[in-house]
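Reproduced below: target-v5.cif, with mmCIF, N, CA and C atoms and all ligand atoms.
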```cif
data_my_file
#
loop_
_atom_site.label_atom_id
_atom_site.label_comp_id
_atom_site.auth_asym_id
_atom_site.auth_seq_id
_atom_site.Cartn_x
_atom_site.Cartn_y
_atom_site.Cartn_z
N MET A 946 -54.98 -27.86 29.78
CA MET A 946 -54.51 -27.10 30.96
C MET A 946 -53.84 -28.02 31.98
N GLU A 947 -52.73 -27.59 32.48
CA GLU A 947 -52.10 -28.32 33.57
C GLU A 947 -52.92 -28.15 34.84
N SER A 948 -52.72 -29.05 35.76
CA SER A 948 -53.33 -28.85 37.07
C SER A 948 -52.72 -27.60 37.69
N GLY A 949 -53.49 -26.89 38.46
CA GLY A 949 -53.01 -25.63 39.02
C GLY A 949 -53.45 -24.45 38.17
N GLY A 950 -54.09 -24.72 37.03
CA GLY A 950 -54.69 -23.66 36.23
C GLY A 950 -53.71 -22.81 35.45
N LYS A 951 -52.44 -23.24 35.38
CA LYS A 951 -51.48 -22.47 34.60
C LYS A 951 -51.69 -22.72 33.11
N ALA A 952 -51.46 -21.70 32.31
CA ALA A 952 -51.54 -21.88 30.86
C ALA A 952 -50.44 -22.84 30.42
N PRO A 953 -50.74 -23.68 29.42
CA PRO A 953 -49.69 -24.60 28.97
C PRO A 953 -48.57 -23.83 28.28
N ASP A 954 -47.35 -24.36 28.41
CA ASP A 954 -46.25 -23.77 27.66
C ASP A 954 -46.38 -24.17 26.19
N VAL A 955 -45.55 -23.56 25.37
CA VAL A 955 -45.67 -23.77 23.92
C VAL A 955 -45.42 -25.23 23.54
N PHE A 956 -44.60 -25.96 24.31
CA PHE A 956 -44.33 -27.35 23.95
C PHE A 956 -45.49 -28.27 24.34
N CYS A 957 -46.37 -27.81 25.21
CA CYS A 957 -47.58 -28.56 25.56
C CYS A 957 -48.78 -28.11 24.72
N SER A 958 -48.62 -27.06 23.95
CA SER A 958 -49.76 -26.52 23.22
C SER A 958 -49.87 -27.16 21.83
N GLU A 959 -51.04 -27.02 21.26
CA GLU A 959 -51.32 -27.59 19.94
C GLU A 959 -50.41 -27.01 18.86
N SER A 960 -49.98 -25.77 19.04
CA SER A 960 -49.23 -25.07 17.99
C SER A 960 -47.87 -25.71 17.70
N ILE A 961 -47.36 -26.51 18.62
CA ILE A 961 -46.05 -27.14 18.39
C ILE A 961 -46.10 -28.12 17.21
N SER A 962 -47.29 -28.67 16.94
CA SER A 962 -47.39 -29.74 15.94
C SER A 962 -46.90 -29.31 14.56
N LYS A 963 -47.02 -28.02 14.25
CA LYS A 963 -46.59 -27.59 12.92
C LYS A 963 -45.07 -27.66 12.74
N GLY A 964 -44.33 -27.80 13.82
CA GLY A 964 -42.87 -27.90 13.73
C GLY A 964 -42.32 -29.30 13.90
N VAL A 965 -43.22 -30.26 14.21
CA VAL A 965 -42.75 -31.62 14.50
C VAL A 965 -42.39 -32.35 13.22
N PHE A 966 -41.20 -32.96 13.17
CA PHE A 966 -40.84 -33.75 12.00
C PHE A 966 -40.52 -35.20 12.35
N TYR A 967 -40.52 -35.52 13.63
CA TYR A 967 -40.33 -36.92 14.03
C TYR A 967 -41.04 -37.13 15.37
N LYS A 968 -41.71 -38.28 15.48
CA LYS A 968 -42.36 -38.64 16.74
C LYS A 968 -41.83 -39.97 17.23
N GLY A 969 -41.24 -39.95 18.43
CA GLY A 969 -40.90 -41.21 19.10
C GLY A 969 -42.06 -41.62 19.99
N ARG A 970 -41.85 -42.64 20.79
CA ARG A 970 -42.93 -43.08 21.72
C ARG A 970 -43.21 -42.02 22.78
N HIS A 971 -42.16 -41.39 23.29
CA HIS A 971 -42.34 -40.44 24.39
C HIS A 971 -41.69 -39.09 24.11
N SER A 972 -41.30 -38.88 22.87
CA SER A 972 -40.61 -37.62 22.55
C SER A 972 -40.86 -37.23 21.10
N ILE A 973 -40.63 -35.96 20.82
CA ILE A 973 -40.79 -35.44 19.46
C ILE A 973 -39.53 -34.66 19.08
N ALA A 974 -39.31 -34.54 17.77
CA ALA A 974 -38.24 -33.66 17.26
C ALA A 974 -38.90 -32.55 16.46
N VAL A 975 -38.45 -31.32 16.74
CA VAL A 975 -39.09 -30.11 16.23
C VAL A 975 -38.01 -29.18 15.67
N VAL A 976 -38.30 -28.51 14.56
CA VAL A 976 -37.40 -27.47 14.06
C VAL A 976 -37.51 -26.26 14.99
N ASP A 977 -36.37 -25.77 15.50
CA ASP A 977 -36.39 -24.59 16.38
C ASP A 977 -36.86 -23.39 15.56
N ILE A 978 -37.84 -22.66 16.11
CA ILE A 978 -38.44 -21.51 15.41
C ILE A 978 -37.44 -20.36 15.27
N ALA A 979 -36.45 -20.32 16.15
CA ALA A 979 -35.44 -19.25 16.10
C ALA A 979 -34.06 -19.90 16.11
N PRO A 980 -33.65 -20.45 14.98
CA PRO A 980 -32.43 -21.26 14.94
C PRO A 980 -31.15 -20.44 15.06
N VAL A 981 -30.21 -20.91 15.86
CA VAL A 981 -28.89 -20.27 15.92
C VAL A 981 -28.01 -20.73 14.75
N MET A 982 -28.33 -21.90 14.22
CA MET A 982 -27.68 -22.40 13.00
C MET A 982 -28.77 -23.09 12.19
N PRO A 983 -28.65 -23.11 10.86
CA PRO A 983 -29.61 -23.89 10.09
C PRO A 983 -29.61 -25.34 10.57
N GLY A 984 -30.81 -25.90 10.73
CA GLY A 984 -30.93 -27.27 11.21
C GLY A 984 -31.08 -27.40 12.71
N HIS A 985 -31.02 -26.28 13.44
CA HIS A 985 -31.20 -26.27 14.90
C HIS A 985 -32.53 -26.97 15.23
N THR A 986 -32.41 -28.02 16.01
CA THR A 986 -33.54 -28.92 16.30
C THR A 986 -33.72 -29.04 17.80
N LEU A 987 -34.97 -29.25 18.23
CA LEU A 987 -35.25 -29.52 19.64
C LEU A 987 -35.84 -30.92 19.77
N VAL A 988 -35.35 -31.67 20.74
CA VAL A 988 -35.98 -32.95 21.10
C VAL A 988 -36.66 -32.74 22.45
N ILE A 989 -37.95 -33.04 22.49
CA ILE A 989 -38.80 -32.65 23.62
C ILE A 989 -39.58 -33.86 24.12
N PRO A 990 -39.54 -34.13 25.43
CA PRO A 990 -40.42 -35.20 25.94
C PRO A 990 -41.88 -34.77 25.80
N THR A 991 -42.75 -35.71 25.41
CA THR A 991 -44.16 -35.35 25.21
C THR A 991 -44.86 -35.07 26.55
N ARG A 992 -44.38 -35.69 27.61
CA ARG A 992 -44.95 -35.41 28.93
C ARG A 992 -44.31 -34.13 29.47
N HIS A 993 -45.10 -33.31 30.14
CA HIS A 993 -44.59 -32.05 30.69
C HIS A 993 -43.70 -32.31 31.89
N VAL A 994 -42.40 -32.13 31.71
CA VAL A 994 -41.45 -32.19 32.84
C VAL A 994 -40.48 -31.02 32.70
N LEU A 995 -39.91 -30.61 33.82
CA LEU A 995 -38.95 -29.51 33.80
C LEU A 995 -37.51 -30.00 33.77
N ASP A 996 -37.30 -31.21 34.23
CA ASP A 996 -35.95 -31.64 34.58
C ASP A 996 -35.75 -33.10 34.16
N ILE A 997 -34.56 -33.45 33.72
CA ILE A 997 -34.32 -34.85 33.33
C ILE A 997 -34.53 -35.83 34.47
N THR A 998 -34.39 -35.35 35.70
CA THR A 998 -34.56 -36.27 36.83
C THR A 998 -36.01 -36.69 37.02
N GLU A 999 -36.95 -35.99 36.36
CA GLU A 999 -38.36 -36.36 36.44
C GLU A 999 -38.75 -37.42 35.42
N LEU A 1000 -37.84 -37.74 34.49
CA LEU A 1000 -38.16 -38.69 33.44
C LEU A 1000 -38.03 -40.13 33.94
N SER A 1001 -38.90 -41.01 33.43
CA SER A 1001 -38.71 -42.44 33.68
C SER A 1001 -37.55 -42.92 32.81
N ALA A 1002 -37.06 -44.09 33.14
CA ALA A 1002 -35.97 -44.68 32.33
C ALA A 1002 -36.43 -44.86 30.88
N GLU A 1003 -37.69 -45.25 30.72
CA GLU A 1003 -38.22 -45.46 29.37
C GLU A 1003 -38.28 -44.14 28.58
N GLU A 1004 -38.72 -43.09 29.25
CA GLU A 1004 -38.77 -41.78 28.59
C GLU A 1004 -37.35 -41.29 28.24
N MET A 1005 -36.44 -41.47 29.17
CA MET A 1005 -35.05 -41.06 28.94
C MET A 1005 -34.46 -41.83 27.76
N GLY A 1006 -34.74 -43.13 27.74
CA GLY A 1006 -34.27 -43.96 26.64
C GLY A 1006 -34.84 -43.51 25.32
N ASP A 1007 -36.11 -43.17 25.32
CA ASP A 1007 -36.75 -42.76 24.07
C ASP A 1007 -36.18 -41.43 23.55
N ILE A 1008 -35.87 -40.51 24.46
CA ILE A 1008 -35.25 -39.25 24.06
C ILE A 1008 -33.91 -39.53 23.36
N HIS A 1009 -33.14 -40.45 23.93
CA HIS A 1009 -31.86 -40.78 23.30
C HIS A 1009 -32.04 -41.45 21.95
N LEU A 1010 -33.05 -42.29 21.83
CA LEU A 1010 -33.32 -42.92 20.53
C LEU A 1010 -33.70 -41.86 19.50
N THR A 1011 -34.50 -40.87 19.93
CA THR A 1011 -34.89 -39.79 19.01
C THR A 1011 -33.67 -38.97 18.60
N LEU A 1012 -32.81 -38.65 19.57
CA LEU A 1012 -31.57 -37.93 19.25
C LEU A 1012 -30.75 -38.72 18.22
N LYS A 1013 -30.66 -40.02 18.45
CA LYS A 1013 -29.86 -40.87 17.57
C LYS A 1013 -30.47 -40.97 16.18
N LYS A 1014 -31.77 -40.98 16.12
CA LYS A 1014 -32.47 -41.09 14.84
C LYS A 1014 -32.35 -39.80 14.02
N VAL A 1015 -32.60 -38.66 14.64
CA VAL A 1015 -32.72 -37.43 13.85
C VAL A 1015 -31.39 -36.72 13.62
N THR A 1016 -30.43 -36.88 14.54
CA THR A 1016 -29.18 -36.12 14.41
C THR A 1016 -28.46 -36.37 13.08
N PRO A 1017 -28.25 -37.63 12.67
CA PRO A 1017 -27.53 -37.82 11.40
C PRO A 1017 -28.27 -37.24 10.19
N ILE A 1018 -29.60 -37.24 10.27
CA ILE A 1018 -30.38 -36.70 9.14
C ILE A 1018 -30.27 -35.18 9.10
N VAL A 1019 -30.38 -34.56 10.26
CA VAL A 1019 -30.20 -33.10 10.34
C VAL A 1019 -28.80 -32.71 9.85
N LEU A 1020 -27.79 -33.48 10.25
CA LEU A 1020 -26.42 -33.16 9.84
C LEU A 1020 -26.18 -33.42 8.36
N ARG A 1021 -26.84 -34.42 7.83
CA ARG A 1021 -26.70 -34.70 6.40
C ARG A 1021 -27.20 -33.52 5.58
N ILE A 1022 -28.28 -32.89 6.05
CA ILE A 1022 -28.86 -31.76 5.32
C ILE A 1022 -28.13 -30.46 5.64
N TYR A 1023 -27.82 -30.24 6.91
CA TYR A 1023 -27.35 -28.92 7.35
C TYR A 1023 -25.89 -28.88 7.81
N GLY A 1024 -25.26 -30.03 7.97
CA GLY A 1024 -23.90 -30.04 8.47
C GLY A 1024 -22.87 -30.01 7.35
N ASP A 1025 -21.62 -30.14 7.71
CA ASP A 1025 -20.58 -30.34 6.70
C ASP A 1025 -19.92 -31.69 6.95
N SER A 1026 -18.85 -31.98 6.23
CA SER A 1026 -18.27 -33.31 6.31
C SER A 1026 -17.69 -33.63 7.69
N SER A 1027 -17.50 -32.61 8.52
CA SER A 1027 -16.97 -32.85 9.87
C SER A 1027 -18.01 -33.51 10.78
N MET A 1028 -19.30 -33.43 10.39
CA MET A 1028 -20.41 -33.98 11.20
C MET A 1028 -20.33 -33.47 12.65
N SER A 1029 -20.11 -32.16 12.80
CA SER A 1029 -19.99 -31.57 14.13
C SER A 1029 -21.34 -31.04 14.61
N TYR A 1030 -21.58 -31.17 15.90
CA TYR A 1030 -22.82 -30.61 16.46
C TYR A 1030 -22.69 -30.47 17.97
N ASP A 1031 -23.52 -29.60 18.52
CA ASP A 1031 -23.67 -29.48 19.97
C ASP A 1031 -24.98 -30.12 20.38
N ILE A 1032 -24.97 -30.80 21.51
CA ILE A 1032 -26.22 -31.19 22.18
C ILE A 1032 -26.19 -30.50 23.52
N THR A 1033 -27.24 -29.72 23.81
CA THR A 1033 -27.23 -28.93 25.03
C THR A 1033 -28.64 -28.76 25.58
N SER A 1034 -28.73 -28.58 26.89
CA SER A 1034 -30.01 -28.33 27.53
C SER A 1034 -29.79 -27.39 28.70
N GLN A 1035 -30.65 -26.41 28.82
CA GLN A 1035 -30.59 -25.51 29.97
C GLN A 1035 -31.72 -25.91 30.92
N ILE A 1036 -31.38 -26.16 32.16
CA ILE A 1036 -32.37 -26.65 33.12
C ILE A 1036 -32.29 -25.83 34.40
N GLY A 1037 -33.44 -25.27 34.79
CA GLY A 1037 -33.51 -24.53 36.05
C GLY A 1037 -33.36 -23.03 35.86
N GLU A 1038 -33.69 -22.34 36.92
CA GLU A 1038 -33.85 -20.88 36.92
C GLU A 1038 -32.62 -20.12 36.43
N TYR A 1039 -31.42 -20.58 36.77
CA TYR A 1039 -30.21 -19.79 36.49
C TYR A 1039 -29.42 -20.30 35.29
N SER A 1040 -30.06 -21.14 34.50
CA SER A 1040 -29.35 -21.78 33.38
C SER A 1040 -29.58 -21.07 32.06
N GLY A 1041 -30.58 -20.16 32.04
CA GLY A 1041 -30.99 -19.58 30.76
C GLY A 1041 -32.12 -20.37 30.12
N MET A 1042 -32.75 -21.28 30.88
CA MET A 1042 -33.89 -22.05 30.37
C MET A 1042 -34.98 -21.08 29.91
N SER A 1043 -35.42 -21.24 28.68
CA SER A 1043 -36.43 -20.33 28.13
C SER A 1043 -37.82 -20.91 28.37
N VAL A 1044 -38.22 -21.85 27.55
CA VAL A 1044 -39.51 -22.51 27.74
C VAL A 1044 -39.38 -23.46 28.93
N ARG A 1045 -40.34 -23.37 29.87
CA ARG A 1045 -40.25 -24.16 31.10
C ARG A 1045 -40.83 -25.56 30.87
N HIS A 1046 -40.20 -26.27 29.96
CA HIS A 1046 -40.54 -27.66 29.63
C HIS A 1046 -39.24 -28.21 29.06
N LEU A 1047 -38.77 -29.30 29.63
CA LEU A 1047 -37.47 -29.86 29.23
C LEU A 1047 -37.34 -29.95 27.71
N HIS A 1048 -36.22 -29.52 27.19
CA HIS A 1048 -35.93 -29.67 25.75
C HIS A 1048 -34.43 -29.72 25.54
N ILE A 1049 -34.05 -30.49 24.54
CA ILE A 1049 -32.64 -30.70 24.24
C ILE A 1049 -32.35 -30.17 22.83
N HIS A 1050 -31.36 -29.27 22.76
CA HIS A 1050 -31.01 -28.67 21.48
C HIS A 1050 -30.01 -29.56 20.73
N ILE A 1051 -30.23 -29.71 19.43
CA ILE A 1051 -29.21 -30.25 18.53
C ILE A 1051 -28.83 -29.10 17.61
N ILE A 1052 -27.55 -28.71 17.65
CA ILE A 1052 -27.12 -27.55 16.86
C ILE A 1052 -25.98 -27.97 15.93
N PRO A 1053 -26.27 -28.05 14.63
CA PRO A 1053 -25.19 -28.38 13.69
C PRO A 1053 -24.09 -27.32 13.75
N ARG A 1054 -22.85 -27.76 13.67
CA ARG A 1054 -21.70 -26.84 13.67
C ARG A 1054 -20.85 -27.10 12.44
N LYS A 1055 -20.23 -26.04 11.98
CA LYS A 1055 -19.39 -26.13 10.78
C LYS A 1055 -18.03 -25.52 11.05
N LYS A 1056 -17.09 -25.87 10.17
CA LYS A 1056 -15.71 -25.46 10.33
C LYS A 1056 -15.56 -23.97 10.63
N ASP A 1057 -16.19 -23.14 9.83
CA ASP A 1057 -16.00 -21.69 10.00
C ASP A 1057 -17.29 -21.00 10.42
N ASP A 1058 -18.12 -21.68 11.21
CA ASP A 1058 -19.35 -21.01 11.64
C ASP A 1058 -19.02 -19.86 12.59
N LYS A 1059 -20.04 -19.05 12.89
CA LYS A 1059 -19.76 -17.80 13.62
C LYS A 1059 -19.63 -17.99 15.12
N TYR A 1060 -19.64 -19.24 15.58
CA TYR A 1060 -19.60 -19.49 17.02
C TYR A 1060 -18.28 -20.14 17.45
N GLN A 1061 -17.18 -19.68 16.87
CA GLN A 1061 -15.93 -20.36 17.16
C GLN A 1061 -15.39 -20.09 18.57
N SER A 1062 -15.79 -18.98 19.19
CA SER A 1062 -15.43 -18.86 20.60
C SER A 1062 -16.36 -19.80 21.35
N LYS A 1063 -15.85 -20.59 22.22
CA LYS A 1063 -16.53 -21.81 22.67
C LYS A 1063 -17.94 -21.63 23.24
N GLN A 1064 -18.17 -20.56 23.96
CA GLN A 1064 -19.49 -20.42 24.60
C GLN A 1064 -20.49 -19.61 23.77
N SER A 1065 -20.06 -19.02 22.68
CA SER A 1065 -20.93 -18.04 22.03
C SER A 1065 -22.20 -18.65 21.47
N VAL A 1066 -22.19 -19.93 21.12
CA VAL A 1066 -23.41 -20.53 20.60
C VAL A 1066 -24.49 -20.56 21.69
N TYR A 1067 -24.08 -20.76 22.92
CA TYR A 1067 -25.07 -20.81 24.02
C TYR A 1067 -25.65 -19.43 24.30
N ASP A 1068 -24.81 -18.41 24.21
CA ASP A 1068 -25.32 -17.05 24.36
C ASP A 1068 -26.35 -16.74 23.28
N ALA A 1069 -26.11 -17.25 22.10
CA ALA A 1069 -26.96 -16.91 20.95
C ALA A 1069 -28.34 -17.53 21.04
N ILE A 1070 -28.47 -18.66 21.75
CA ILE A 1070 -29.73 -19.39 21.76
C ILE A 1070 -30.91 -18.48 22.11
N GLU A 1071 -30.71 -17.58 23.04
CA GLU A 1071 -31.82 -16.73 23.49
C GLU A 1071 -31.95 -15.43 22.69
N HIS A 1072 -31.09 -15.23 21.71
CA HIS A 1072 -31.05 -13.90 21.07
C HIS A 1072 -31.11 -13.94 19.56
N VAL A 1073 -31.73 -14.94 18.99
CA VAL A 1073 -31.82 -14.97 17.54
C VAL A 1073 -33.24 -14.72 17.07
N GLU A 1074 -33.34 -14.23 15.84
CA GLU A 1074 -34.63 -13.91 15.24
C GLU A 1074 -35.39 -15.18 14.90
N ARG A 1075 -36.72 -15.09 15.01
CA ARG A 1075 -37.56 -16.18 14.54
C ARG A 1075 -37.53 -16.25 13.02
N LEU A 1076 -37.67 -17.47 12.50
CA LEU A 1076 -37.77 -17.63 11.05
C LEU A 1076 -39.13 -17.15 10.57
N PRO A 1077 -39.19 -16.60 9.35
CA PRO A 1077 -40.51 -16.34 8.76
C PRO A 1077 -41.27 -17.66 8.64
N GLU A 1078 -42.60 -17.60 8.76
CA GLU A 1078 -43.41 -18.82 8.82
C GLU A 1078 -43.19 -19.74 7.62
N LYS A 1079 -43.09 -19.14 6.44
CA LYS A 1079 -42.93 -19.93 5.22
C LYS A 1079 -41.61 -20.71 5.22
N GLU A 1080 -40.56 -20.03 5.61
CA GLU A 1080 -39.25 -20.68 5.65
C GLU A 1080 -39.24 -21.77 6.73
N TYR A 1081 -39.91 -21.50 7.85
CA TYR A 1081 -40.02 -22.51 8.91
C TYR A 1081 -40.71 -23.77 8.38
N SER A 1082 -41.85 -23.60 7.70
CA SER A 1082 -42.58 -24.75 7.14
C SER A 1082 -41.73 -25.51 6.13
N ARG A 1083 -40.97 -24.75 5.34
CA ARG A 1083 -40.13 -25.40 4.34
C ARG A 1083 -39.12 -26.32 5.03
N ARG A 1084 -38.53 -25.84 6.10
CA ARG A 1084 -37.50 -26.64 6.79
C ARG A 1084 -38.11 -27.85 7.49
N VAL A 1085 -39.32 -27.67 8.06
CA VAL A 1085 -40.01 -28.81 8.68
C VAL A 1085 -40.32 -29.86 7.61
N ASP A 1086 -40.84 -29.42 6.48
CA ASP A 1086 -41.22 -30.36 5.40
C ASP A 1086 -40.01 -31.13 4.88
N LEU A 1087 -38.90 -30.43 4.76
CA LEU A 1087 -37.67 -31.07 4.28
C LEU A 1087 -37.28 -32.24 5.19
N LEU A 1088 -37.33 -32.02 6.49
CA LEU A 1088 -36.95 -33.07 7.44
C LEU A 1088 -38.02 -34.16 7.51
N ARG A 1089 -39.29 -33.76 7.39
CA ARG A 1089 -40.36 -34.78 7.37
C ARG A 1089 -40.15 -35.72 6.20
N LYS A 1090 -39.80 -35.16 5.06
CA LYS A 1090 -39.58 -35.96 3.87
C LYS A 1090 -38.43 -36.95 4.09
N GLU A 1091 -37.37 -36.46 4.69
CA GLU A 1091 -36.21 -37.32 4.95
C GLU A 1091 -36.58 -38.46 5.89
N LEU A 1092 -37.47 -38.19 6.83
CA LEU A 1092 -37.87 -39.20 7.80
C LEU A 1092 -39.14 -39.93 7.37
N LYS A 1093 -39.56 -39.68 6.14
CA LYS A 1093 -40.74 -40.34 5.56
C LYS A 1093 -41.95 -40.23 6.49
N TRP A 1094 -42.16 -39.01 6.93
CA TRP A 1094 -43.25 -38.68 7.85
C TRP A 1094 -44.61 -38.95 7.22
N SER A 1095 -45.52 -39.53 7.99
CA SER A 1095 -46.93 -39.51 7.59
C SER A 1095 -47.75 -39.19 8.82
N GLU A 1096 -48.66 -38.26 8.70
CA GLU A 1096 -49.49 -37.83 9.85
C GLU A 1096 -50.41 -38.95 10.29
ZN ZN B 1 -45.08 -28.41 28.92
#
```

Write out the structure in this file as structure tokens.
Amino acid sequence: MESGGKAPDVFCSESISKGVFYKGRHSIAVVDIAPVMPGHTLVIPTRHVLDITELSAEEMGDIHLTLKKVTPIVLRIYGDSSMSYDITSQIGEYSGMSVRHLHIHIIPRKKDDKYQSKQSVYDAIEHVERLPEKEYSRRVDLLRKELKWSE
């Protein structure tokens, strides 16, 4: 429980662990439960913060290292030869921020994907179906294997 008695958000709760496929010192990489594209990944600081300005330099650095580590692997599995992707984060009340815990999306993009109008991928983030649990686990396991995960 956070101070103030508020219930923890999903990124602070135990349930997030089933989606984690990479752990940095201060951040984790997780398969998005409701992907807008196959391979849609979240990089999340392990400490509960709402905003990048709350991060220490070390935490900020670690998030970038995690992005650098997992992005090429996600793209190798889910991208095409263009190696295209979006990195995006919604922060604050009017941004479309869903879970109130800082998170950075990595979204693989392809030549003829359905988000060719420039902003449509961002609209989609909040409006896609969750993956069935089995398919979600399969995708997490695939990435864990690529990153030679051991619990
Ligand atoms: Zn949190």

Considering only N, CA and C atoms and all ligand atoms, give me a table of residues in chain A that are at most 6 Å from ligand ZN 1 (chain B), with the closest atom pair and distance in Å for each, as a tab-separated table.
```
residue	atom	partner	partner_atom	distance
A:Pro953	C	B:ZN1	ZN	5.8
A:Asp954	N	B:ZN1	ZN	4.7
A:Phe956	C	B:ZN1	ZN	4.6
A:Cys957	N	B:ZN1	ZN	4.0
A:Arg992	C	B:ZN1	ZN	5.8
A:His993	CA	B:ZN1	ZN	4.1
A:Val994	N	B:ZN1	ZN	5.4
A:Arg1045	C	B:ZN1	ZN	5.5
A:His1046	CA	B:ZN1	ZN	4.7
```

Requested in this report: Could you find all residues in segment 975-1092 of chain A that DSSP calls alpha helix (DSSP H) from the backbone, and write them as a ChimeraX atom specification?
Outcome: /A:1002-1023,1065-1070,1078-1091

Requested in this report: Can you check which residues of segment 979-1064 of chain A DSSP gives as strand (DSSP E) on the backbone and send them as a ChimeraX atom specification?
Outcome: /A:986-990,1029-1033,1049-1054

Query raised in the report: Leaving out segment 1063-1077 of chain A and any residue of its chain fewer than 2 positions from it, which residues lie within 6.5 Å of it when counting all atoms listed in the file, given as a PyMOL selection string?
Result: chain A and resi 978-981+1060-1061+1079-1082

Report task. For atom CA of Leu1000 of chain A and atom N of Val1015 of chain A, quote the distance in Å rounded to one decimal. Result ->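 For atom CA of Leu1000 of chain A relative to atom N of Val1015 of chain A, the distance reads 19.6 Å.
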
Report task. Just the residues within 7 Å of Asp977 of chain A, please, counting only C-alpha atoms, with nothing from its chain fewer than 3 positions along; format it as a count of residues only. Result -> 4

Residue contacts of Thr1011 of chain A (8 Å, all atoms listed in the file) excluding same-chain residues fewer than 4 positions away, as a tab-separated table (two decimals) with N, CA and C atoms, in the coordinates of the input:
```
chain	number	residue	atom	x	y	z
A	967	TYR	N	-40.52	-35.52	13.63
A	967	TYR	CA	-40.33	-36.92	14.03
A	967	TYR	C	-41.04	-37.13	15.37
A	968	LYS	N	-41.71	-38.28	15.48
A	968	LYS	CA	-42.36	-38.64	16.74
A	968	LYS	C	-41.83	-39.97	17.23
A	969	GLY	N	-41.24	-39.95	18.43
A	969	GLY	CA	-40.90	-41.21	19.10
A	969	GLY	C	-42.06	-41.62	19.99
A	970	ARG	N	-41.85	-42.64	20.79
A	970	ARG	CA	-42.93	-43.08	21.72
A	970	ARG	C	-43.21	-42.02	22.78
A	972	SER	N	-41.30	-38.88	22.87
A	972	SER	CA	-40.61	-37.62	22.55
A	972	SER	C	-40.86	-37.23	21.10
A	973	ILE	N	-40.63	-35.96	20.82
A	973	ILE	CA	-40.79	-35.44	19.46
A	973	ILE	C	-39.53	-34.66	19.08
A	974	ALA	N	-39.31	-34.54	17.77
A	974	ALA	CA	-38.24	-33.66	17.26
A	974	ALA	C	-38.90	-32.55	16.46
A	988	VAL	N	-35.35	-31.67	20.74
A	988	VAL	CA	-35.98	-32.95	21.10
A	988	VAL	C	-36.66	-32.74	22.45
A	1005	MET	N	-36.44	-41.47	29.17
A	1005	MET	CA	-35.05	-41.06	28.94
A	1005	MET	C	-34.46	-41.83	27.76
A	1006	GLY	N	-34.74	-43.13	27.74
A	1006	GLY	CA	-34.27	-43.96	26.64
A	1006	GLY	C	-34.84	-43.51	25.32
A	1007	ASP	N	-36.11	-43.17	25.32
A	1007	ASP	CA	-36.75	-42.76	24.07
A	1007	ASP	C	-36.18	-41.43	23.55
A	1015	VAL	N	-32.60	-38.66	14.64
A	1015	VAL	CA	-32.72	-37.43	13.85
A	1015	VAL	C	-31.39	-36.72	13.62
A	1016	THR	N	-30.43	-36.88	14.54
A	1016	THR	CA	-29.18	-36.12	14.41
A	1016	THR	C	-28.46	-36.37	13.08
```

Query raised in the report: Closest to His971 of chain A among A:Glu1078, A:Pro990, A:Val955, A:Val1085, using all atoms listed in the file?
Result: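 Of the candidates, the smallest distance to His971 of chain A is held by A:Pro990.
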
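When atom C of Glu1004 of chain A is paired with atom N of Thr991 of chain A, their separation reads 8.3 Å.
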
Report summary line: Of A:Gly984, A:Ile1036, A:Arg1089, A:Leu1012, the one sitting nearest Pro1053 of chain A when using all atoms listed in the file is A:Gly984

Query raised in the report: What is the atom N of Leu1088 of chain A-atom N of Val1019 of chain A distance in Å, reported with one decimal?
Result: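 Interatomic distance, atom N of Leu1088 of chain A to atom N of Val1019 of chain A: 8.3 Å.
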